[in-house]
>>> print(open('structure_11.txt').read())   # compact mmCIF, C-alpha atoms
# COMPACT_ATOMS: atom_id res chain seq x y z
CA MET Z 12 -12.51 3.02 -43.46
CA SER Z 13 -14.55 2.23 -46.60
CA LEU Z 14 -17.99 0.62 -46.55
CA THR Z 15 -16.66 -2.47 -48.32
CA GLN Z 16 -13.96 -2.88 -45.74
CA ARG Z 17 -16.51 -2.48 -42.94
CA ILE Z 18 -18.70 -5.23 -44.40
CA ALA Z 19 -15.71 -7.51 -44.89
CA ASN Z 20 -14.56 -6.94 -41.32
CA ALA Z 21 -18.05 -7.57 -40.00
CA VAL Z 22 -18.23 -10.92 -41.82
CA GLN Z 23 -14.81 -11.92 -40.52
CA ASN Z 24 -15.89 -10.81 -37.08
CA LEU Z 25 -18.84 -13.19 -37.11
CA MET Z 26 -16.68 -16.05 -38.34
CA ARG Z 27 -13.56 -15.63 -36.22
CA THR Z 28 -14.56 -13.71 -33.07
CA ARG Z 29 -16.80 -15.33 -30.51
CA ARG Z 30 -19.63 -13.08 -29.49
CA PRO Z 31 -20.05 -12.57 -25.75
CA ARG Z 32 -23.28 -13.41 -24.03
CA PRO Z 33 -25.59 -10.37 -23.69
CA GLY Z 34 -26.62 -9.19 -20.22
CA ARG Z 35 -25.09 -10.00 -16.84
CA LEU Z 36 -23.80 -13.47 -16.14
CA ILE Z 37 -22.86 -12.91 -12.48
CA VAL Z 38 -25.91 -11.63 -10.64
CA PRO Z 39 -25.65 -10.35 -7.03
CA ARG Z 40 -26.41 -12.80 -4.22
CA GLU Z 41 -27.65 -12.07 -0.73
CA ASP Z 42 -24.66 -13.96 0.66
CA ASP Z 43 -22.28 -11.45 -0.94
CA ARG Z 44 -22.86 -8.95 1.86
CA PHE Z 45 -22.13 -11.39 4.70
CA ARG Z 46 -18.66 -11.76 6.17
CA ASP Z 47 -17.16 -14.39 8.50
CA TYR Z 48 -14.62 -11.96 10.03
CA PRO Z 49 -11.66 -14.39 9.98
CA SER Z 50 -9.39 -11.82 11.68
CA SER Z 51 -11.26 -12.33 14.96
CA GLY Z 52 -9.02 -14.48 17.15
CA LEU Z 53 -6.51 -14.87 14.34
CA THR Z 54 -3.41 -16.89 15.22
CA PRO Z 55 -0.29 -17.72 13.19
CA SER Z 56 -1.50 -21.28 12.62
CA ARG Z 57 -4.93 -20.07 11.48
CA LEU Z 58 -3.30 -17.54 9.16
CA MET Z 59 -1.17 -20.25 7.57
CA ALA Z 60 -4.29 -22.39 7.10
CA LEU Z 61 -6.09 -19.53 5.29
CA LEU Z 62 -3.13 -19.00 2.96
CA ARG Z 63 -2.92 -22.71 2.21
CA GLU Z 64 -6.62 -22.71 1.34
CA ALA Z 65 -5.98 -19.87 -1.08
CA ASP Z 66 -3.12 -21.82 -2.66
CA ALA Z 67 -5.53 -24.72 -3.16
CA GLY Z 68 -7.97 -22.43 -4.99
CA VAL Z 69 -10.40 -21.54 -2.18
CA LEU Z 70 -10.10 -17.76 -1.85
CA ASP Z 71 -13.18 -16.89 0.20
CA ALA Z 72 -11.62 -16.74 3.69
CA ALA Z 73 -8.36 -15.16 2.50
CA MET Z 74 -10.18 -12.40 0.60
CA GLN Z 75 -12.32 -11.62 3.64
CA LEU Z 76 -9.18 -11.45 5.79
CA PHE Z 77 -7.47 -9.09 3.35
CA GLU Z 78 -10.54 -6.85 3.43
CA GLU Z 79 -10.51 -6.75 7.23
CA MET Z 80 -6.78 -6.05 7.38
CA GLU Z 81 -7.24 -2.71 5.62
CA GLU Z 82 -10.32 -1.89 7.70
CA LYS Z 83 -8.60 -2.49 11.04
CA ASP Z 84 -5.06 -1.19 10.43
CA ALA Z 85 -4.88 2.55 9.78
CA HIS Z 86 -1.25 2.50 8.62
CA LEU Z 87 -1.88 -0.37 6.21
CA TYR Z 88 -4.95 1.46 4.89
CA ALA Z 89 -2.86 4.61 4.32
CA VAL Z 90 0.04 2.99 2.45
CA ALA Z 91 -2.31 0.80 0.40
CA ASN Z 92 -4.30 3.81 -0.74
CA THR Z 93 -1.12 5.75 -1.44
CA ARG Z 94 0.03 2.97 -3.79
CA ARG Z 95 -3.37 2.69 -5.50
CA LEU Z 96 -4.12 6.40 -5.78
CA ALA Z 97 -0.81 6.88 -7.58
CA ILE Z 98 -2.55 4.96 -10.39
CA THR Z 99 -6.29 5.51 -10.06
CA GLY Z 100 -5.87 9.21 -9.29
CA LEU Z 101 -4.56 9.85 -12.81
CA GLU Z 102 -6.76 10.63 -15.78
CA TRP Z 103 -6.95 7.92 -18.43
CA SER Z 104 -6.79 8.17 -22.21
CA ILE Z 105 -7.04 5.90 -25.23
CA VAL Z 106 -4.08 6.09 -27.62
CA SER Z 107 -4.26 5.02 -31.24
CA ALA Z 108 -2.20 1.95 -32.12
CA ALA Z 109 -0.63 3.97 -34.94
CA ASP Z 110 0.94 6.28 -32.33
CA VAL Z 111 2.69 3.30 -30.75
CA ASP Z 112 3.35 1.04 -33.73
CA ARG Z 113 4.26 2.74 -36.99
CA ALA Z 114 3.33 -0.41 -38.90
CA ALA Z 115 -0.33 -0.04 -37.90
CA GLU Z 116 -2.68 1.38 -40.51
CA ARG Z 117 -3.37 4.96 -39.44
CA ASN Z 118 -7.02 5.39 -40.44
CA ALA Z 119 -8.18 2.06 -39.03
CA ALA Z 120 -6.19 2.56 -35.82
CA ASP Z 121 -7.50 6.08 -35.27
CA GLU Z 122 -11.09 5.03 -35.91
CA ALA Z 123 -10.81 2.11 -33.48
CA ALA Z 124 -9.26 4.37 -30.84
CA GLU Z 125 -11.99 6.99 -31.23
CA TYR Z 126 -14.69 4.34 -30.99
CA CYS Z 127 -13.23 2.79 -27.83
CA ARG Z 128 -12.72 6.23 -26.33
CA SER Z 129 -16.33 7.25 -26.89
CA VAL Z 130 -17.73 3.96 -25.57
CA LEU Z 131 -15.68 3.97 -22.36
CA ALA Z 132 -16.32 7.67 -21.73
CA GLY Z 133 -20.05 6.95 -21.91
CA LEU Z 134 -19.95 4.15 -19.31
CA GLU Z 135 -20.88 5.40 -15.85
CA GLY Z 136 -19.34 2.35 -14.23
CA PHE Z 137 -15.96 2.47 -15.97
CA ASP Z 138 -14.22 4.61 -13.36
CA LEU Z 139 -15.71 2.44 -10.60
CA ALA Z 140 -14.44 -0.63 -12.42
CA LEU Z 141 -10.94 0.91 -12.59
CA GLN Z 142 -11.09 1.53 -8.84
CA HIS Z 143 -12.10 -2.11 -8.33
CA LEU Z 144 -9.29 -3.38 -10.54
CA GLY Z 145 -6.92 -1.19 -8.52
CA LEU Z 146 -7.70 -3.36 -5.48
CA ALA Z 147 -5.65 -6.05 -7.17
CA LEU Z 148 -2.67 -4.10 -5.80
CA GLY Z 149 -2.93 -6.02 -2.56
CA ARG Z 150 -5.27 -8.91 -3.21
CA ASN Z 151 -3.36 -9.68 -6.42
CA ILE Z 152 -6.54 -10.41 -8.35
CA ALA Z 153 -9.61 -8.40 -9.32
CA VAL Z 154 -12.33 -9.40 -11.78
CA ALA Z 155 -14.98 -7.31 -13.51
CA GLU Z 156 -17.71 -8.42 -15.91
CA LEU Z 157 -18.26 -6.84 -19.31
CA VAL Z 158 -22.01 -6.36 -19.81
CA TRP Z 159 -22.95 -6.46 -23.48
CA ASP Z 160 -26.18 -5.75 -25.30
CA LEU Z 161 -27.21 -6.33 -28.92
CA VAL Z 162 -27.74 -3.09 -30.85
CA ASP Z 163 -28.73 -3.58 -34.50
CA GLY Z 164 -27.45 -7.12 -34.22
CA ARG Z 165 -24.00 -6.06 -32.99
CA PRO Z 166 -22.59 -6.44 -29.46
CA GLN Z 167 -22.48 -3.11 -27.66
CA LEU Z 168 -20.68 -2.66 -24.34
CA ILE Z 169 -23.11 -1.02 -21.91
CA ASP Z 170 -21.46 -1.52 -18.51
CA ILE Z 171 -18.51 -2.96 -16.58
CA VAL Z 172 -19.51 -4.46 -13.22
CA PRO Z 173 -17.08 -5.47 -10.44
CA VAL Z 174 -17.25 -9.08 -9.26
CA ASP Z 175 -17.19 -9.63 -5.49
CA PHE Z 176 -13.89 -11.08 -4.30
CA THR Z 177 -15.64 -13.84 -2.35
CA ARG Z 178 -17.01 -15.18 -5.65
CA LEU Z 179 -13.54 -16.02 -6.99
CA ALA Z 180 -11.88 -19.43 -7.03
CA PHE Z 181 -9.23 -21.39 -8.94
CA ASP Z 182 -9.30 -24.81 -10.55
CA ARG Z 183 -6.47 -27.35 -10.44
CA LEU Z 184 -4.73 -25.61 -13.33
CA ASP Z 185 -4.84 -22.23 -11.52
CA ARG Z 186 -7.46 -20.86 -13.90
CA VAL Z 187 -9.90 -18.33 -12.47
CA ARG Z 188 -13.47 -19.49 -11.91
CA ILE Z 189 -16.48 -17.66 -10.48
CA LEU Z 190 -18.87 -19.14 -7.94
CA THR Z 191 -22.56 -18.99 -8.86
CA ALA Z 192 -25.82 -20.33 -7.45
CA GLU Z 193 -25.63 -23.21 -9.92
CA GLU Z 194 -21.92 -23.89 -9.21
CA PRO Z 195 -21.32 -22.78 -5.60
CA VAL Z 196 -18.25 -25.01 -5.08
CA ASN Z 197 -16.31 -25.39 -8.32
CA GLY Z 198 -17.56 -22.25 -10.05
CA ILE Z 199 -17.99 -21.61 -13.76
CA GLU Z 200 -15.37 -21.14 -16.43
CA LEU Z 201 -14.92 -17.57 -17.68
CA PRO Z 202 -16.36 -17.16 -21.20
CA PRO Z 203 -14.20 -15.27 -23.73
CA ASN Z 204 -14.69 -11.52 -24.15
CA LYS Z 205 -16.79 -11.42 -21.00
CA PHE Z 206 -14.50 -10.72 -18.05
CA VAL Z 207 -11.57 -8.49 -17.08
CA VAL Z 208 -9.04 -10.36 -14.93
CA HIS Z 209 -6.26 -8.23 -13.40
CA THR Z 210 -3.43 -10.11 -11.67
CA PRO Z 211 -0.56 -7.60 -11.39
CA GLN Z 212 1.78 -9.49 -9.06
CA ALA Z 213 1.23 -13.18 -9.76
CA THR Z 214 4.15 -15.33 -8.62
CA SER Z 215 5.04 -18.10 -11.08
CA GLY Z 216 1.66 -17.60 -12.71
CA HIS Z 217 -0.29 -18.31 -9.49
CA ALA Z 218 -2.60 -15.36 -8.86
CA ALA Z 219 -3.24 -16.40 -5.25
CA ARG Z 220 0.40 -15.74 -4.36
CA GLY Z 221 2.55 -12.65 -4.45
CA GLY Z 222 -0.07 -10.09 -3.43
CA LEU Z 223 1.02 -7.29 -1.13
CA LEU Z 224 -1.66 -8.08 1.45
CA ARG Z 225 -0.37 -11.64 1.60
CA VAL Z 226 3.17 -10.33 2.07
CA THR Z 227 2.06 -8.10 4.96
CA ALA Z 228 -0.36 -10.59 6.54
CA MET Z 229 2.13 -11.83 9.14
CA ILE Z 230 3.21 -8.26 9.88
CA TYR Z 231 -0.45 -7.32 10.38
CA LEU Z 232 -0.93 -10.26 12.76
CA ALA Z 233 2.18 -9.37 14.81
CA LYS Z 234 1.07 -5.73 15.02
CA ASN Z 235 -2.45 -6.75 16.00
CA LEU Z 236 -1.16 -8.96 18.83
CA ALA Z 237 1.23 -6.22 19.99
CA LEU Z 238 -1.63 -3.70 20.10
CA LYS Z 239 -3.73 -6.08 22.20
CA ASP Z 240 -0.86 -6.61 24.64
CA TRP Z 241 -0.29 -2.86 24.79
CA MET Z 242 -3.95 -2.21 25.61
CA ILE Z 243 -3.90 -4.86 28.35
CA PHE Z 244 -0.70 -3.42 29.77
CA SER Z 245 -2.13 0.10 29.74
CA GLU Z 246 -5.30 -1.05 31.48
CA VAL Z 247 -3.46 -2.95 34.21
CA PHE Z 248 -0.35 -0.85 34.74
CA GLY Z 249 -1.17 2.47 33.15
CA MET Z 250 -3.44 3.71 35.94
CA PRO Z 251 -2.11 4.74 39.36
CA VAL Z 252 -2.58 2.30 42.23
CA ARG Z 253 -4.41 3.49 45.36
CA ILE Z 254 -3.16 1.95 48.60
CA ALA Z 255 -4.74 2.50 52.05
CA ARG Z 256 -3.21 1.10 55.22
CA TYR Z 257 -5.34 0.41 58.28
CA ASP Z 258 -4.52 -0.29 61.93
CA PRO Z 259 -4.23 -3.91 63.01
CA GLY Z 260 -7.20 -3.41 65.29
CA ALA Z 261 -9.61 -2.33 62.52
CA THR Z 262 -12.86 -4.27 62.38
CA ALA Z 263 -14.19 -6.06 59.29
CA ASP Z 264 -16.80 -3.31 58.75
CA GLU Z 265 -14.09 -0.64 58.84
CA LYS Z 266 -12.02 -2.58 56.32
CA ARG Z 267 -15.05 -2.98 54.02
CA GLU Z 268 -15.88 0.72 54.30
CA LEU Z 269 -12.28 1.63 53.51
CA LEU Z 270 -12.33 -0.63 50.40
CA ASP Z 271 -15.56 0.98 49.19
CA MET Z 272 -13.94 4.41 49.55
CA LEU Z 273 -10.99 3.34 47.42
CA LYS Z 274 -13.34 2.01 44.74
CA ASN Z 275 -15.30 5.25 44.71
CA MET Z 276 -12.10 7.22 44.24
CA GLY Z 277 -11.72 5.55 40.86
CA SER Z 278 -14.70 7.49 39.51
CA ASN Z 279 -15.07 10.41 41.90
CA ALA Z 280 -11.35 11.05 42.55
CA ALA Z 281 -12.27 12.08 46.11
CA GLY Z 282 -12.67 10.34 49.46
CA ILE Z 283 -12.89 10.86 53.25
CA PHE Z 284 -10.52 8.92 55.45
CA SER Z 285 -9.73 8.87 59.13
CA ARG Z 286 -6.44 10.31 60.32
CA ALA Z 287 -5.51 6.81 61.28
CA VAL Z 288 -5.64 5.71 57.63
CA ASP Z 289 -2.42 5.93 55.64
CA LEU Z 290 -3.35 6.63 51.98
CA GLU Z 291 -0.80 6.38 49.15
CA ILE Z 292 -1.20 6.72 45.37
CA VAL Z 293 1.58 5.05 43.37
CA GLU Z 294 2.07 6.17 39.75
CA ALA Z 295 2.58 3.45 37.17
CA ASN Z 296 6.04 3.21 35.52
CA ARG Z 297 7.37 6.23 37.39
CA GLY Z 298 11.09 6.44 36.80
CA THR Z 299 11.18 3.23 34.76
CA ILE Z 300 11.57 2.45 31.08
CA GLY Z 301 8.25 1.93 29.32
CA PRO Z 302 7.22 -1.26 27.52
CA PRO Z 303 8.64 -2.00 24.02
CA TYR Z 304 5.23 -2.04 22.29
CA GLU Z 305 5.52 1.36 20.63
CA LYS Z 306 8.94 0.63 19.17
CA LEU Z 307 7.75 -2.77 17.96
CA ILE Z 308 4.69 -1.28 16.26
CA ASP Z 309 6.81 1.45 14.64
CA PHE Z 310 9.10 -1.25 13.28
CA LEU Z 311 6.16 -3.22 11.89
CA ASN Z 312 4.75 -0.06 10.30
CA ARG Z 313 8.07 0.53 8.55
CA GLU Z 314 8.03 -3.02 7.24
CA MET Z 315 4.55 -2.42 5.80
CA SER Z 316 5.74 0.78 4.14
CA LYS Z 317 8.70 -1.04 2.59
CA ALA Z 318 6.44 -3.76 1.18
CA TRP Z 319 3.89 -1.35 -0.31
CA LEU Z 320 5.98 1.70 -1.22
CA GLY Z 321 9.50 0.33 -1.39
CA GLN Z 322 10.72 2.88 1.17
CA THR Z 323 9.82 4.61 4.44
CA LEU Z 324 10.79 8.28 4.24
CA THR Z 325 7.61 9.37 2.42
CA THR Z 326 5.38 7.94 5.14
CA ASP Z 327 4.69 9.48 8.54
CA VAL Z 328 6.51 7.10 10.86
CA ALA Z 329 7.52 8.39 14.26
CA GLY Z 330 11.22 8.41 14.98
CA VAL Z 331 12.33 7.96 11.38
CA SER Z 332 14.20 10.74 9.66
CA GLY Z 333 16.52 11.14 6.73
CA THR Z 334 18.29 13.65 4.56
CA LEU Z 335 16.63 15.48 1.71
CA THR Z 336 18.71 13.47 -0.76
CA ALA Z 337 17.56 10.20 0.77
CA SER Z 338 13.94 11.36 0.61
CA ARG Z 339 14.31 12.13 -3.09
CA VAL Z 340 15.83 8.70 -3.70
CA HIS Z 341 12.93 7.09 -1.90
CA GLU Z 342 10.49 9.15 -3.96
CA GLU Z 343 12.14 7.85 -7.13
CA VAL Z 344 11.54 4.31 -5.84
CA ARG Z 345 7.84 5.11 -5.63
CA LYS Z 346 7.92 6.37 -9.23
CA ASP Z 347 9.46 3.09 -10.35
CA LEU Z 348 6.67 1.17 -8.66
CA ARG Z 349 4.07 3.44 -10.22
CA ALA Z 350 5.56 2.94 -13.68
CA ASP Z 351 5.37 -0.83 -13.26
CA ASP Z 352 1.78 -0.65 -11.95
CA LEU Z 353 0.79 1.54 -14.89
CA ARG Z 354 2.31 -0.89 -17.36
CA ARG Z 355 0.51 -3.88 -15.87
CA GLU Z 356 -2.81 -2.06 -15.70
CA ALA Z 357 -2.51 -0.90 -19.32
CA PHE Z 358 -1.78 -4.46 -20.45
CA THR Z 359 -4.88 -5.82 -18.72
CA ILE Z 360 -7.21 -3.08 -20.01
CA ARG Z 361 -5.96 -3.48 -23.57
CA ARG Z 362 -6.21 -7.28 -23.52
CA ASP Z 363 -9.59 -7.69 -21.78
CA ILE Z 364 -11.51 -4.50 -22.70
CA LEU Z 365 -10.08 -2.67 -25.70
CA ALA Z 366 -9.31 -5.79 -27.74
CA PRO Z 367 -12.85 -7.28 -27.65
CA LEU Z 368 -14.40 -3.84 -27.92
CA ALA Z 369 -12.49 -2.97 -31.10
CA ARG Z 370 -12.56 -6.42 -32.72
CA LEU Z 371 -16.27 -6.98 -32.20
CA GLN Z 372 -16.91 -3.65 -33.90
CA PHE Z 373 -14.32 -3.59 -36.71
CA GLY Z 374 -13.13 -7.16 -37.07
CA PRO Z 375 -10.32 -9.31 -35.72
CA ASP Z 376 -7.55 -7.61 -37.70
CA VAL Z 377 -8.19 -4.06 -36.48
CA PRO Z 378 -5.24 -2.40 -34.69
CA VAL Z 379 -6.16 -2.48 -30.98
CA PRO Z 380 -5.68 0.89 -29.24
CA HIS Z 381 -3.67 1.30 -26.06
CA PHE Z 382 -4.75 2.40 -22.57
CA ARG Z 383 -2.69 5.12 -20.94
CA ARG Z 384 -2.73 7.20 -17.77
CA ARG Z 385 -1.87 10.88 -18.02
CA LEU Z 386 0.90 11.75 -15.60
CA GLY Z 387 0.64 14.99 -13.69
CA ARG Z 388 2.23 18.21 -14.81
CA PRO Z 389 5.93 18.70 -13.94
CA ALA Z 390 6.52 20.22 -10.52
CA ASP Z 391 8.90 22.84 -11.91
CA ALA Z 392 7.31 24.38 -15.02
CA ASN Z 393 10.31 26.65 -15.65
CA GLN Z 394 12.72 23.73 -15.66
CA PHE Z 395 10.42 21.80 -17.99
CA ALA Z 396 10.18 24.80 -20.37
CA GLU Z 397 13.97 25.05 -20.46
CA LEU Z 398 14.17 21.34 -21.24
CA LEU Z 399 11.70 21.79 -24.10
CA GLY Z 400 13.67 24.72 -25.48
CA THR Z 401 16.90 22.72 -25.43
CA ALA Z 402 15.29 19.67 -27.01
CA VAL Z 403 13.67 21.65 -29.82
CA ASN Z 404 16.11 24.48 -30.55
CA GLN Z 405 19.45 22.71 -29.96
CA LEU Z 406 18.75 19.02 -30.51
CA GLY Z 407 16.04 19.39 -33.15
CA VAL Z 408 13.60 17.05 -31.39
CA GLU Z 409 10.13 17.07 -32.91
CA LEU Z 410 7.43 17.24 -30.25
CA PRO Z 411 3.68 16.98 -30.85
CA ARG Z 412 1.94 20.21 -29.91
CA LYS Z 413 -0.91 18.28 -28.34
CA TRP Z 414 1.46 16.49 -25.94
CA VAL Z 415 3.15 19.76 -24.97
CA HIS Z 416 -0.20 21.42 -24.25
CA GLU Z 417 -1.39 18.44 -22.18
CA THR Z 418 1.86 18.27 -20.21
CA LEU Z 419 1.82 21.99 -19.41
CA GLY Z 420 -1.90 21.94 -18.69
CA ILE Z 421 -2.60 24.53 -21.39
CA PRO Z 422 -5.69 23.86 -23.54
CA MET Z 423 -5.40 23.76 -27.31
CA PRO Z 424 -6.93 26.85 -28.97
CA ALA Z 425 -10.17 26.38 -30.86
CA PRO Z 426 -10.23 27.28 -34.58
CA GLY Z 427 -10.53 31.04 -34.94
CA GLU Z 428 -10.00 31.68 -31.21
CA PRO Z 429 -7.76 34.67 -30.32
CA VAL Z 430 -4.38 33.40 -29.13
CA VAL Z 431 -1.14 34.74 -27.66
CA GLY Z 432 2.16 33.81 -29.25
CA ALA Z 433 0.64 32.37 -32.42
CA VAL Z 434 2.68 32.28 -35.62
CA SER Z 435 0.93 32.43 -38.95
CA ASP Z 436 1.25 29.53 -41.37
CA ARG Z 437 3.36 31.72 -43.70
CA ASP Z 438 5.75 32.67 -40.89
CA ALA Z 439 5.83 29.11 -39.65
CA GLY Z 440 6.85 27.89 -43.07
CA ALA Z 441 9.67 30.42 -43.19
CA GLN Z 442 10.89 29.75 -39.66
CA GLY Z 443 10.42 26.01 -39.63
CA SER Z 444 7.69 23.69 -38.47
CA GLY Z 445 7.09 22.03 -35.16
CA LEU Z 446 7.27 23.46 -31.67
CA ASN Z 447 10.25 25.64 -32.56
CA ALA Z 448 8.07 27.72 -34.89
CA GLY Z 449 5.85 28.84 -32.04
CA LEU Z 450 8.36 29.63 -29.32
CA GLY Z 451 8.34 33.39 -29.95
CA ILE Z 452 5.76 35.42 -28.06
CA GLU Z 453 3.95 37.88 -30.26
CA GLU Z 454 1.13 40.25 -29.75
CA LEU Z 455 -2.44 39.04 -29.47
CA ARG Z 456 -3.73 38.28 -32.95
CA ASP Z 457 -7.06 37.00 -34.25
>>> encode(input="structure_11.txt", output="structure tokens")
Amino acid sequence: MSLTQRIANAVQNLMRTRRPRPGRLIVPREDDRFRDYPSSGLTPSRLMALLREADAGVLDAAMQLFEEMEEKDAHLYAVANTRRLAITGLEWSIVSAADVDRAAERNAADEAAEYCRSVLAGLEGFDLALQHLGLALGRNIAVAELVWDLVDGRPQLIDIVPVDFTRLAFDRLDRVRILTAEEPVNGIELPPNKFVVHTPQATSGHAARGGLLRVTAMIYLAKNLALKDWMIFSEVFGMPVRIARYDPGATADEKRELLDMLKNMGSNAAGIFSRAVDLEIVEANRGTIGPPYEKLIDFLNREMSKAWLGQTLTTDVAGVSGTLTASRVHEEVRKDLRADDLRREAFTIRRDILAPLARLQFGPDVPVPHFRRRLGRPADANQFAELLGTAVNQLGVELPRKWVHETLGIPMPAPGEPVVGAVSDRDAGAQGSGLNAGLGIEELRD
């Protein structure tokens, strides 16, 4: 990009792009670390009241409940992290807009992509911010603040800080607001180019509805009540009952002494009784069908797995089995969910981070780069290599070498580095360009 174009873009930037406020707008409060623990004594009516409050724009109690749900339910914690790690566990990259849209100007797009890539790679809090935004897969909303500083008179992104969920609220038009010390009830409006707002599963545009934790809230409550009943049942009926029979002529002191012996047997498992005492220990549930709590909890766990993962066969649920074909089908369902989550995340990052970052630096007309996650290498490398050979040699598909190297996990050779299988430029010109020119394996050459 020429110097004249840079100056022109900078002038347009000042005129048409609103500069964000430098420094942090949302400062930590002491109240952020306190919790009301709304799950304690939770009932269906109380749960409905919390969800209605969230619909009305008051998210504090609902967000605290969602946080507790994952802390107290091991299965919910596992499936939630499985869904999120499928996204956050992948490496990220910044792709030039020219690689996505051929109409974009190549030089400007590549320069913007390189700038955004270098800035985000230098932010220590960027990966933490991505983890925080990943929590929106459940709460259905996550907000992070872009912290800017002025460097040589230009806004420079220096950090991305997560915003506590209890600080979020909505106005009457369902717009996100943030509670501050100055506005502890209604909150403040979000300034432009200052916040990242990720709402991946908003229903009819309402970010308080449609989240996976809201979907599984009633299941969590039913499972929590079933666990409590199961614990009470186990305490009352799970231990054997000790029965001692005494003669009708036994005195009150003898009866009291006999009762004390039975109590001591609970801890010492030993006692001394007269031959006249008839002692019997009755096992609980011997020869009877056990309570339905375990089956009920297994059913509720499967319902959680369906809500979060779209299937059940890839989770460890007792008593559930299926064929290998069914397991593969269920795994494909998870891939569909991951693809949708990746698309929504990429849209949010491009809109709220890459767009202001590029436009504040190069002007409002610069091609905005795209955010991508790098999928893992194929499980069967041989099958993937055969697919590449068919695509290149038989179908004539042109594949970028860089993409092939990244997919196979093979680093690109440095200039002048000894390589295996390299084809000289002269040979490549004679044999054809592209991946097909380098398929033959030759001796090591410098």
>>> atom_distance(input="structure_11.txt", atom1="atom CA of Leu157 of chain Z", atom2="atom CA of Asp170 of chain Z")
6.3 Å
>>> closest_residue(input="structure_11.txt", among="Z:Val196, Z:Ala124, Z:Ala155, Z:Leu201", to="Val379 of chain Z", atoms="only C-alpha atoms")
Z:Ala124
>>> closest_residue(input="structure_11.txt", among="Z:His217, Z:Arg412, Z:Arg385, Z:Arg267", to="Leu101 of chain Z", atoms="all atoms listed in the file")
Z:Arg385
>>> atom_distance(input="structure_11.txt", atom1="atom CA of Leu179 of chain Z", atom2="atom CA of Arg57 of chain Z")
20.8 Å
>>> closest_residue(input="structure_11.txt", among="Z:Ala73, Z:Met423, Z:Ala350, Z:Leu368", to="Leu58 of chain Z", atoms="only C-alpha atoms")
Z:Ala73
>>> closest_residue(input="structure_11.txt", among="Z:Lys346, Z:Leu273, Z:Phe382, Z:Glu409", to="Arg361 of chain Z", atoms="only C-alpha atoms")
Z:Phe382
>>> closest_residue(input="structure_11.txt", among="Z:Leu371, Z:Leu96, Z:Ile37, Z:Val111", to="Cys127 of chain Z", atoms="all atoms listed in the file")
Z:Leu371
>>> atom_distance(input="structure_11.txt", atom1="atom CA of Leu76 of chain Z", atom2="atom CA of Glu135 of chain Z")
29.8 Å
>>> closest_residue(input="structure_11.txt", among="Z:Glu116, Z:Asp376, Z:Glu356, Z:Asp71", to="His143 of chain Z", atoms="all atoms listed in the file")
Z:Glu356
>>> residues_around(input="structure_11.txt", residues="Asp138 of chain Z", least_positions_apart="6", cutoff="12 Å", atoms="all atoms listed in the file", output="list in words")
Thr99, Gly100, Leu101, Glu102, Trp103, Leu131, Ala132, Leu144, Gly145, Ala155, Asp170, Ile171, Val172 and Pro173 of chain Z
>>> write_last_selection(input="structure_11.txt", atoms="C-alpha atoms", output="PDB file, in the coordinates of the input")
ATOM      1  CA  THR Z  99      -6.290   5.510 -10.060  1.00  0.00           C
ATOM      2  CA  GLY Z 100      -5.870   9.210  -9.290  1.00  0.00           C
ATOM      3  CA  LEU Z 101      -4.560   9.850 -12.810  1.00  0.00           C
ATOM      4  CA  GLU Z 102      -6.760  10.630 -15.780  1.00  0.00           C
ATOM      5  CA  TRP Z 103      -6.950   7.920 -18.430  1.00  0.00           C
ATOM      6  CA  LEU Z 131     -15.680   3.970 -22.360  1.00  0.00           C
ATOM      7  CA  ALA Z 132     -16.320   7.670 -21.730  1.00  0.00           C
ATOM      8  CA  LEU Z 144      -9.290  -3.380 -10.540  1.00  0.00           C
ATOM      9  CA  GLY Z 145      -6.920  -1.190  -8.520  1.00  0.00           C
ATOM     10  CA  ALA Z 155     -14.980  -7.310 -13.510  1.00  0.00           C
ATOM     11  CA  ASP Z 170     -21.460  -1.520 -18.510  1.00  0.00           C
ATOM     12  CA  ILE Z 171     -18.510  -2.960 -16.580  1.00  0.00           C
ATOM     13  CA  VAL Z 172     -19.510  -4.460 -13.220  1.00  0.00           C
ATOM     14  CA  PRO Z 173     -17.080  -5.470 -10.440  1.00  0.00           C
TER      15      PRO Z 173
END
>>> axis_aligned_box(input="structure_11.txt", around="segment 38-49 of chain Z", padding_each_side="4 Å", output="JSON")
{"center_x": -19.7, "center_y": -11.7, "center_z": -0.3, "size_x": 24.0, "size_y": 13.4, "size_z": 28.7}
>>> residues_around(input="structure_11.txt", residues="Glu78 of chain Z", least_positions_apart="4", cutoff="12 Å", atoms="all atoms listed in the file", output="VMD selection string")
chain Z and resid 46 to 50 71 to 74 82 to 84 87 to 88 91 146 to 147 149 to 150 175 to 177 224 to 225 228
>>> residues_around(input="structure_11.txt", residues="Val187 of chain Z", least_positions_apart="5", cutoff="9 Å", atoms="only C-alpha atoms", output="list in words")
Gly68, Leu179, Ala180, Phe181, Asp182, Gly198, Ile199, Glu200, Leu201, Val208 and Ala218 of chain Z
>>> write_last_selection(input="structure_11.txt", atoms="C-alpha atoms", output="short mmCIF file (atom, residue, chain, number, x, y, z; two decimals), keeping the file's coordinate frame")
data_model
loop_
_atom_site.label_atom_id
_atom_site.label_comp_id
_atom_site.auth_asym_id
_atom_site.auth_seq_id
_atom_site.Cartn_x
_atom_site.Cartn_y
_atom_site.Cartn_z
CA GLY Z 68 -7.97 -22.43 -4.99
CA LEU Z 179 -13.54 -16.02 -6.99
CA ALA Z 180 -11.88 -19.43 -7.03
CA PHE Z 181 -9.23 -21.39 -8.94
CA ASP Z 182 -9.30 -24.81 -10.55
CA GLY Z 198 -17.56 -22.25 -10.05
CA ILE Z 199 -17.99 -21.61 -13.76
CA GLU Z 200 -15.37 -21.14 -16.43
CA LEU Z 201 -14.92 -17.57 -17.68
CA VAL Z 208 -9.04 -10.36 -14.93
CA ALA Z 218 -2.60 -15.36 -8.86
#
